[in-house]
file work.cif (mmCIF, C-alpha atoms)
data_coords
#
loop_
_atom_site.label_atom_id
_atom_site.label_comp_id
_atom_site.auth_asym_id
_atom_site.auth_seq_id
_atom_site.Cartn_x
_atom_site.Cartn_y
_atom_site.Cartn_z
CA MET O 30 7.58 -11.75 -2.12
CA ARG O 31 8.87 -14.83 -0.40
CA ILE O 32 6.34 -17.04 1.38
CA ILE O 33 6.54 -20.49 2.89
CA LEU O 34 3.48 -22.50 1.84
CA ASN O 35 3.07 -26.16 2.77
CA GLY O 36 6.75 -26.31 3.64
CA GLU O 37 7.86 -24.93 0.26
CA ILE O 38 9.45 -21.55 -0.44
CA LYS O 39 7.55 -19.71 -3.16
CA GLU O 40 7.84 -16.30 -4.81
CA ILE O 41 4.48 -14.62 -5.43
CA ARG O 42 2.93 -11.20 -5.89
CA ALA O 43 0.18 -9.76 -3.72
CA LEU O 44 -2.30 -9.99 -6.63
CA TRP O 45 -2.31 -11.18 -10.21
CA ILE O 46 -4.62 -12.10 -13.10
CA GLU O 47 -5.22 -15.84 -12.81
CA ASP O 48 -7.42 -16.21 -15.89
CA LYS O 49 -6.99 -13.62 -18.64
CA LYS O 50 -10.02 -14.68 -20.69
CA ARG O 51 -12.51 -14.75 -17.80
CA GLY O 52 -10.91 -11.90 -15.89
CA ILE O 53 -10.32 -13.84 -12.68
CA VAL O 54 -8.00 -12.01 -10.28
CA LYS O 55 -6.26 -13.74 -7.37
CA PHE O 56 -5.32 -11.93 -4.16
CA LEU O 57 -3.19 -12.94 -1.21
CA ASP O 58 -5.98 -12.49 1.36
CA GLN O 59 -4.48 -10.17 3.95
CA ARG O 60 -7.39 -10.67 6.36
CA PHE O 61 -6.02 -14.06 7.39
CA LEU O 62 -2.35 -13.20 7.85
CA PRO O 63 -0.34 -14.35 9.76
CA TRP O 64 -2.50 -17.21 10.94
CA ARG O 65 -2.89 -18.87 7.59
CA ILE O 66 -2.17 -18.19 3.94
CA GLU O 67 -5.34 -17.98 1.86
CA PHE O 68 -6.10 -16.64 -1.59
CA TYR O 69 -9.21 -14.74 -2.64
CA ALA O 70 -10.51 -15.31 -6.18
CA SER O 71 -12.30 -12.29 -7.66
CA ARG O 72 -14.51 -13.17 -10.63
CA THR O 73 -16.22 -9.82 -11.17
CA TYR O 74 -15.36 -6.18 -10.76
CA ARG O 75 -17.73 -6.01 -7.79
CA ASP O 76 -15.78 -8.86 -6.18
CA THR O 77 -12.72 -6.65 -6.56
CA ILE O 78 -14.55 -3.68 -5.03
CA PHE O 79 -15.36 -5.96 -2.08
CA ALA O 80 -11.68 -6.94 -1.85
CA ILE O 81 -10.66 -3.26 -1.69
CA LYS O 82 -13.33 -2.23 0.80
CA GLU O 83 -12.98 -5.19 3.12
CA MET O 84 -9.18 -5.21 3.38
CA VAL O 85 -8.61 -8.39 1.37
CA VAL O 86 -6.11 -6.12 -0.37
CA ARG O 87 -4.63 -3.03 1.25
CA GLY O 88 -1.71 -0.66 0.72
CA ALA O 89 -1.80 2.14 -1.84
CA PRO O 90 0.13 0.48 -4.74
CA SER O 91 -1.71 -2.85 -4.37
CA ILE O 92 -5.05 -1.04 -4.18
CA GLY O 93 -4.13 0.91 -7.33
CA LEU O 94 -3.37 -2.27 -9.26
CA ALA O 95 -6.53 -3.90 -7.87
CA GLY O 96 -8.51 -0.98 -9.28
CA ALA O 97 -6.87 -1.41 -12.69
CA TYR O 98 -7.63 -5.13 -12.65
CA GLY O 99 -11.19 -4.36 -11.56
CA LEU O 100 -11.75 -2.12 -14.56
CA TYR O 101 -10.38 -4.84 -16.85
CA GLN O 102 -12.99 -7.15 -15.32
CA ALA O 103 -15.70 -4.52 -15.85
CA LEU O 104 -14.73 -4.23 -19.52
CA ILE O 105 -15.12 -8.00 -20.02
CA GLU O 106 -18.40 -8.12 -18.10
CA LEU O 107 -20.19 -4.97 -19.29
CA ARG O 108 -18.95 -4.36 -22.86
CA ASP O 109 -20.74 -0.97 -22.88
CA LEU O 110 -18.69 2.23 -22.48
CA ASN O 111 -21.24 4.13 -20.37
CA LYS O 112 -21.58 1.21 -17.99
CA ILE O 113 -17.80 0.85 -17.81
CA ILE O 114 -17.44 4.55 -16.92
CA LYS O 115 -19.94 4.07 -14.08
CA ALA O 116 -18.07 0.99 -12.92
CA ALA O 117 -14.86 3.02 -12.85
CA GLU O 118 -16.49 5.50 -10.46
CA GLU O 119 -17.67 2.65 -8.24
CA ILE O 120 -14.15 1.26 -8.11
CA LYS O 121 -12.56 4.65 -7.35
CA ASN O 122 -15.01 5.21 -4.50
CA ALA O 123 -14.13 1.91 -2.82
CA ARG O 124 -11.55 3.68 -0.62
CA PRO O 125 -11.02 7.45 -0.60
CA THR O 126 -7.52 8.11 0.78
CA ALA O 127 -5.10 6.10 -1.39
CA VAL O 128 -4.65 8.20 -4.55
CA ASN O 129 -3.12 5.29 -6.48
CA LEU O 130 -6.60 3.86 -6.88
CA SER O 131 -7.99 6.79 -8.88
CA VAL O 132 -4.70 7.34 -10.75
CA ARG O 133 -4.52 3.76 -12.02
CA VAL O 134 -8.24 3.42 -12.76
CA ASP O 135 -8.16 6.66 -14.78
CA GLU O 136 -5.13 5.45 -16.74
CA VAL O 137 -6.99 2.33 -17.80
CA LEU O 138 -10.29 4.14 -18.38
CA ASN O 139 -8.63 6.72 -20.65
CA LEU O 140 -7.30 3.90 -22.82
CA ILE O 141 -10.70 2.15 -22.99
CA LYS O 142 -12.55 5.38 -23.83
CA SER O 143 -10.14 6.34 -26.59
CA ARG O 144 -10.33 2.89 -28.19
CA PHE O 145 -14.14 2.83 -28.08
CA GLU O 146 -14.25 6.32 -29.63
CA GLU O 147 -11.82 5.22 -32.37
CA GLY O 148 -14.10 2.30 -33.25
CA VAL O 149 -11.53 -0.38 -32.38
CA SER O 150 -12.98 -3.89 -32.24
CA PHE O 151 -13.98 -5.14 -28.81
CA PRO O 152 -11.53 -8.10 -28.75
CA LYS O 153 -8.72 -5.67 -29.59
CA ILE O 154 -9.80 -3.31 -26.78
CA VAL O 155 -9.77 -6.23 -24.33
CA GLU O 156 -6.28 -7.28 -25.45
CA GLU O 157 -4.88 -3.74 -25.22
CA THR O 158 -6.47 -3.24 -21.81
CA TYR O 159 -4.96 -6.48 -20.56
CA GLU O 160 -1.54 -5.35 -21.78
CA LYS O 161 -2.06 -2.00 -20.02
CA VAL O 162 -2.95 -3.47 -16.61
CA GLU O 163 -0.04 -5.90 -16.79
CA LEU O 164 2.24 -3.00 -17.66
CA ILE O 165 0.97 -1.21 -14.54
CA ALA O 166 1.83 -4.29 -12.47
CA LYS O 167 5.36 -4.35 -13.92
CA GLU O 168 5.75 -0.61 -13.33
CA GLU O 169 4.81 -0.98 -9.67
CA VAL O 170 7.23 -3.84 -9.11
CA GLU O 171 10.09 -2.06 -10.88
CA ALA O 172 9.39 1.18 -9.01
CA ASN O 173 9.52 -0.63 -5.69
CA ARG O 174 12.76 -2.37 -6.62
CA LYS O 175 14.34 1.01 -7.38
CA ILE O 176 12.95 2.44 -4.13
CA GLY O 177 14.72 -0.43 -2.39
CA GLU O 178 18.02 0.37 -4.06
CA PHE O 179 17.87 4.11 -3.34
CA GLY O 180 16.63 3.57 0.20
CA ALA O 181 19.24 0.93 1.07
CA SER O 182 21.93 3.58 0.60
CA LEU O 183 20.54 5.30 3.71
CA ILE O 184 20.84 2.17 5.85
CA LYS O 185 24.20 1.49 7.46
CA ASP O 186 25.47 -1.79 8.85
CA GLY O 187 24.09 -2.31 12.34
CA TYR O 188 21.15 0.10 11.92
CA LYS O 189 17.96 -0.24 13.93
CA ILE O 190 15.04 0.77 11.70
CA LEU O 191 11.56 1.83 12.80
CA THR O 192 8.71 1.37 10.34
CA HIS O 193 4.92 1.58 10.79
CA CYS O 194 1.90 -0.37 9.59
CA ASN O 195 2.70 -2.61 6.61
CA ALA O 196 4.40 -1.03 3.62
CA GLY O 197 5.77 -4.32 2.37
CA ALA O 198 5.08 -6.57 -0.59
CA PRO O 199 1.43 -7.34 0.33
CA ALA O 200 0.75 -3.60 0.26
CA ALA O 201 2.77 -2.84 -2.85
CA VAL O 202 2.39 -5.78 -5.28
CA ASP O 203 5.98 -6.94 -4.60
CA TRP O 204 9.14 -5.75 -2.78
CA GLY O 205 7.18 -3.16 -0.80
CA THR O 206 7.78 0.56 -0.37
CA ALA O 207 9.11 1.16 3.16
CA LEU O 208 10.21 -2.49 3.38
CA ALA O 209 11.98 -2.47 0.01
CA PRO O 210 15.09 -0.66 1.35
CA ILE O 211 15.08 -3.06 4.32
CA ARG O 212 14.90 -6.08 1.98
CA VAL O 213 17.73 -4.78 -0.18
CA ALA O 214 19.92 -3.84 2.80
CA HIS O 215 19.40 -7.32 4.26
CA ARG O 216 20.32 -8.98 0.95
CA GLN O 217 23.42 -6.78 0.81
CA GLY O 218 24.53 -8.44 4.02
CA LYS O 219 23.98 -5.47 6.33
CA ARG O 220 23.20 -6.41 9.91
CA ILE O 221 19.90 -4.67 10.62
CA THR O 222 17.04 -4.93 13.09
CA VAL O 223 13.53 -3.69 12.37
CA TYR O 224 11.27 -2.29 15.09
CA VAL O 225 7.66 -3.10 14.17
CA PRO O 226 4.81 -1.26 15.96
CA GLU O 227 1.64 -3.33 16.26
CA THR O 228 -0.39 -0.61 14.44
CA ARG O 229 -3.79 -0.59 16.06
CA PRO O 230 -6.60 -0.96 15.30
CA TRP O 231 -6.12 -3.33 12.32
CA LEU O 232 -2.74 -4.55 13.59
CA GLN O 233 -1.06 -4.53 10.19
CA GLY O 234 2.35 -4.31 11.84
CA ALA O 235 1.83 -7.19 14.25
CA ARG O 236 0.03 -9.36 11.72
CA ILE O 237 1.57 -8.61 8.34
CA THR O 238 4.91 -6.81 8.70
CA ALA O 239 6.11 -9.23 11.39
CA TRP O 240 4.99 -12.17 9.23
CA GLU O 241 6.70 -10.72 6.15
CA LEU O 242 10.01 -10.18 7.98
CA LEU O 243 9.76 -13.69 9.38
CA MET O 244 9.35 -15.07 5.84
CA GLU O 245 12.50 -13.18 4.77
CA ASP O 246 14.47 -14.10 7.92
CA ILE O 247 15.06 -10.41 8.72
CA PRO O 248 15.61 -9.75 12.47
CA TYR O 249 12.86 -7.70 14.11
CA PHE O 250 11.24 -6.74 17.38
CA LEU O 251 7.47 -6.37 17.62
CA ILE O 252 6.64 -3.43 19.90
CA SER O 253 3.44 -1.84 21.16
CA ASP O 254 2.41 1.42 19.53
CA ASN O 255 2.89 3.16 22.88
CA ALA O 256 6.54 2.05 23.06
CA ILE O 257 7.63 4.07 20.01
CA GLY O 258 8.54 7.17 22.00
CA TYR O 259 10.49 5.15 24.54
CA PHE O 260 12.75 3.53 21.95
CA CYS O 261 13.33 6.85 20.17
CA TRP O 262 14.21 8.51 23.49
CA LYS O 263 16.57 5.65 24.36
CA LYS O 264 18.42 6.25 21.03
CA GLU O 265 17.64 2.71 19.92
CA ILE O 266 16.31 3.88 16.54
CA ASP O 267 18.73 5.04 13.84
CA ILE O 268 16.27 5.76 11.02
CA VAL O 269 12.51 5.77 10.39
CA ILE O 270 11.09 4.60 7.05
CA VAL O 271 7.33 4.62 6.48
CA GLY O 272 5.05 4.33 3.48
CA ALA O 273 2.39 6.72 2.17
CA ASP O 274 -1.11 6.52 0.77
CA ARG O 275 -1.29 10.02 -0.73
CA ILE O 276 1.32 12.76 -1.10
CA ALA O 277 0.50 16.39 -1.85
CA LEU O 278 2.55 18.60 -4.18
CA ASN O 279 4.24 20.26 -1.20
CA GLY O 280 5.32 16.90 0.27
CA ASP O 281 2.71 16.63 3.02
CA PHE O 282 1.52 13.03 3.10
CA ALA O 283 -1.14 10.72 4.48
CA ASN O 284 -0.18 7.40 5.99
CA LYS O 285 -1.52 4.98 8.58
CA ILE O 286 -2.80 6.62 11.74
CA GLY O 287 0.06 7.15 14.18
CA THR O 288 2.59 8.25 11.55
CA TYR O 289 2.33 11.92 12.52
CA LYS O 290 3.31 11.28 16.14
CA ILE O 291 6.24 9.13 14.96
CA ALA O 292 7.44 12.05 12.81
CA LEU O 293 7.21 14.40 15.81
CA CYS O 294 9.10 11.92 17.96
CA ALA O 295 11.79 11.45 15.34
CA LYS O 296 12.23 15.22 14.99
CA GLU O 297 12.52 15.70 18.73
CA ASN O 298 15.16 12.99 19.00
CA GLY O 299 17.18 13.86 15.90
CA ILE O 300 16.27 10.68 14.00
CA PRO O 301 16.10 10.83 10.17
CA PHE O 302 12.51 10.29 9.00
CA TYR O 303 11.94 9.03 5.44
CA VAL O 304 8.86 8.26 3.37
CA ALA O 305 9.06 5.54 0.71
CA ALA O 306 6.50 5.67 -2.10
CA PRO O 307 6.29 5.39 -5.89
CA ILE O 308 5.64 8.51 -7.92
CA SER O 309 2.05 7.25 -8.50
CA THR O 310 1.31 8.07 -4.84
CA PHE O 311 1.61 11.81 -5.50
CA ASP O 312 -1.71 13.57 -6.01
CA THR O 313 -0.98 16.35 -8.48
CA ASN O 314 -4.41 17.87 -7.86
CA ILE O 315 -3.72 18.90 -4.27
CA ARG O 316 -1.14 21.36 -3.00
CA SER O 317 -1.01 20.47 0.70
CA GLY O 318 -2.08 17.95 3.30
CA ASP O 319 -5.05 20.17 4.18
CA ASP O 320 -6.75 18.86 1.03
CA ILE O 321 -6.33 15.16 1.85
CA VAL O 322 -9.54 13.32 2.74
CA VAL O 323 -8.96 11.01 5.71
CA GLU O 324 -11.08 7.86 5.77
CA GLU O 325 -12.89 6.87 8.98
CA ARG O 326 -13.83 3.22 9.26
CA SER O 327 -16.15 1.06 11.35
CA PRO O 328 -16.15 1.46 15.16
CA ASP O 329 -15.93 -2.33 15.38
CA GLU O 330 -12.26 -2.16 14.38
CA VAL O 331 -11.56 -0.34 17.64
CA LEU O 332 -14.09 -2.15 19.83
CA TYR O 333 -12.93 -5.64 18.82
CA VAL O 334 -9.60 -7.39 18.27
CA ARG O 335 -9.24 -10.36 15.92
CA GLY O 336 -6.84 -13.16 16.68
CA LEU O 337 -6.15 -16.88 16.66
CA ALA O 338 -7.85 -18.58 19.60
CA GLU O 339 -6.48 -21.61 21.43
CA ASP O 340 -8.90 -23.85 19.53
CA GLY O 341 -7.22 -22.85 16.27
CA LYS O 342 -10.09 -20.66 15.06
CA ILE O 343 -9.86 -16.97 14.17
CA ARG O 344 -12.13 -15.06 16.53
CA ARG O 345 -12.82 -11.49 17.47
CA VAL O 346 -12.97 -10.35 21.08
CA LEU O 347 -14.71 -7.29 22.51
CA VAL O 348 -12.14 -5.16 24.38
CA ALA O 349 -14.25 -2.14 25.40
CA PRO O 350 -17.82 -1.37 26.49
CA LYS O 351 -19.91 -2.13 23.42
CA GLU O 352 -21.83 1.13 23.94
CA SER O 353 -18.65 3.23 23.58
CA LYS O 354 -18.73 6.05 21.06
CA VAL O 355 -15.80 5.55 18.71
CA ARG O 356 -13.78 7.69 16.31
CA ASN O 357 -11.68 5.60 13.94
CA PRO O 358 -9.64 7.69 11.47
CA VAL O 359 -7.33 5.21 9.78
CA PHE O 360 -4.85 7.75 8.39
CA ASP O 361 -3.25 10.96 9.54
CA VAL O 362 -1.36 13.68 7.69
CA THR O 363 2.30 14.55 8.33
CA PRO O 364 3.71 17.90 7.15
CA PHE O 365 6.72 17.78 4.84
CA LYS O 366 8.78 19.84 7.29
CA TYR O 367 9.24 16.69 9.38
CA VAL O 368 10.41 14.60 6.41
CA SER O 369 14.12 14.05 5.69
CA GLY O 370 13.30 12.82 2.20
CA ILE O 371 10.82 10.90 0.06
CA ILE O 372 12.36 7.76 -1.45
CA THR O 373 10.94 7.21 -4.95
CA GLU O 374 11.97 5.34 -8.09
CA TYR O 375 13.35 8.70 -9.29
CA GLY O 376 15.64 9.09 -6.31
CA ILE O 377 15.38 10.65 -2.87
CA LEU O 378 13.38 13.89 -2.95
CA ARG O 379 14.51 16.29 -0.24
CA SER O 380 12.83 19.54 -1.32
CA GLN O 381 9.66 20.74 -3.00
CA LYS O 382 11.76 21.53 -6.08
CA ASP O 383 12.90 17.88 -6.12
CA ILE O 384 9.24 16.81 -6.00
CA ILE O 385 8.19 19.01 -8.92
CA ASP O 386 11.22 17.96 -10.99
CA ALA O 387 10.51 14.25 -10.38
CA LEU O 388 6.83 14.62 -11.26
CA LYS O 389 7.73 16.41 -14.50
CA LYS O 390 10.28 13.73 -15.34
CA ALA O 391 7.63 11.05 -14.75
CA GLY O 392 5.13 12.90 -16.97
CA ARG O 393 2.79 13.37 -14.02
CA LEU O 394 3.08 17.15 -13.99
CA LYS O 395 3.65 19.00 -17.24
CA ARG O 396 2.74 22.45 -15.98
CA LEU O 397 2.19 23.79 -12.50
CA SER O 398 -0.63 26.33 -12.42
CA GLU O 399 -0.22 29.50 -10.39
#
call {"tool": "encode", "arguments": {"input": "work.cif", "output": "structure tokens"}}
result
Amino acid sequence: MRIILNGEIKEIRALWIEDKKRGIVKFLDQRFLPWRIEFYASRTYRDTIFAIKEMVVRGAPSIGLAGAYGLYQALIELRDLNKIIKAAEEIKNARPTAVNLSVRVDEVLNLIKSRFEEGVSFPKIVEETYEKVELIAKEEVEANRKIGEFGASLIKDGYKILTHCNAGAPAAVDWGTALAPIRVAHRQGKRITVYVPETRPWLQGARITAWELLMEDIPYFLISDNAIGYFCWKKEIDIVIVGADRIALNGDFANKIGTYKIALCAKENGIPFYVAAPISTFDTNIRSGDDIVVEERSPDEVLYVRGLAEDGKIRRVLVAPKESKVRNPVFDVTPFKYVSGIITEYGILRSQKDIIDALKKAGRLKRLSE
């Protein structure tokens, strides 16, 4: 992703291994965007669990890679297979909704277990595990680049595009998922404008998507969440592209809270509604959205708003009676019947048959049980 740091344009990823030998992982700390660019250094697997839980890193693909990196750290720290298996469970439980976390952790754990059982030397296991997690990073970046290319074919010159939350490079290692087609279309010279809902309560749209588009010099309007229906009704939106945190076999998917009502609004107003996600976001163990566990987070995220105060300090402000009872689901589930297509690195999936075929091609689904 492109960032401007100390007046210089740099290309970075959302997270990377800074020190291979000591297992130090660096994260672009998303808690401080857009007010300042800071990096979080994780030195242990529990530091990485903290980063996942506390929103230092967020977005399904980035969380998945963070989990893989965390298990690499656990291998270096613990050196004992039983302890590493327990650490893997701790990492997978850091956040429940994004399936990429468990998928990527299990990929790495399966390699570690097999090598321990084969009696491979510990230094060799460490080296192979490092190569595996770096391969995962490359796979995510390449998948997102392909998503961008497939998705850009849907975007015509002059289009106004509605997205939601942040499904850009910070959430997806690099390129982004929903923002990848927007990036590619912009680089192709298409004149586009992105409509960015603020995305309460964590304000990922206002804080991160707006910042990311600003870094790329892509035209956008920041809008309130409540203005989405108005702009759809006024025919100011040509296409909707959102990300996903978990997709069921039938195409139902979980994404940031508010996505479901956008899908309903798009359907009512005849606006194409697309989901952009790598094949790793599909959960092959669940058949429908009814099986997706939706995470509920702290009431404080609703009661308070964080922002940059006039004195230059980041503060939080109480915006409701402190005694208020709060429900704070951070995802909702949208049925596949509202989806025009799912943009993946294997193409645009428009039917459940397309989904099954793509999963088989990716080796994610060898046989579908009755």
call {"tool": "closest_atom_pairs", "arguments": {"input": "work.cif", "of": "segment 48-130 of chain O", "to": "segment 227-243 of chain O", "cutoff": "9 Å", "atoms": "all atoms listed in the file", "output": "CSV"}}
result
residue,atom,partner,partner_atom,distance
O:Gln59,CA,O:Ile237,CA,7.6
O:Phe61,CA,O:Arg236,CA,8.8
O:Leu62,CA,O:Arg236,CA,5.9
O:Pro63,CA,O:Arg236,CA,5.4
O:Trp64,CA,O:Arg236,CA,8.3
call {"tool": "resolve_selection", "arguments": {"input": "work.cif", "expression": "the PyMOL selection byres ((chain O and resi 68) around 6)", "output": "ChimeraX atom specification"}}
result
/O:56-58,67,69
call {"tool": "closest_residue", "arguments": {"input": "work.cif", "among": "O:Ile92, O:Ala306, O:Arg108, O:Lys264", "to": "Pro152 of chain O", "atoms": "only C-alpha atoms"}}
result
O:Arg108
call {"tool": "closest_residue", "arguments": {"input": "work.cif", "among": "O:Ala127, O:Ala117, O:Ile270, O:Ala97", "to": "Glu160 of chain O", "atoms": "all atoms listed in the file"}}
result
O:Ala97
call {"tool": "closest_atom_pairs", "arguments": {"input": "work.cif", "of": "segment 160-259 of chain O", "to": "segment 134-142 of chain O", "cutoff": "12 Å", "atoms": "only C-alpha atoms", "output": "Markdown table"}}
result
| residue | atom | partner | partner_atom | distance |
| --- | --- | --- | --- | --- |
| O:Glu160 | CA | O:Val137 | CA | 10.2 |
| O:Lys161 | CA | O:Val137 | CA | 6.9 |
| O:Val162 | CA | O:Val137 | CA | 7.2 |
| O:Glu163 | CA | O:Val137 | CA | 10.8 |
| O:Leu164 | CA | O:Val137 | CA | 10.7 |
| O:Ile165 | CA | O:Glu136 | CA | 9.3 |
call {"tool": "axis_aligned_box", "arguments": {"input": "work.cif", "around": "segment 342-346 of chain O", "padding_each_side": "8 Å", "output": "lines of an AutoDock Vina configuration file"}}
result
center_x = -11.4
center_y = -15.5
center_z = 17.6
size_x = 19.1
size_y = 26.3
size_z = 22.9
call {"tool": "atom_distance", "arguments": {"input": "work.cif", "atom1": "atom CA of Ile321 of chain O", "atom2": "atom CA of Thr126 of chain O"}}
result
7.2 Å
call {"tool": "atom_distance", "arguments": {"input": "work.cif", "atom1": "atom CA of Val202 of chain O", "atom2": "atom CA of Ala172 of chain O"}}
result
10.6 Å
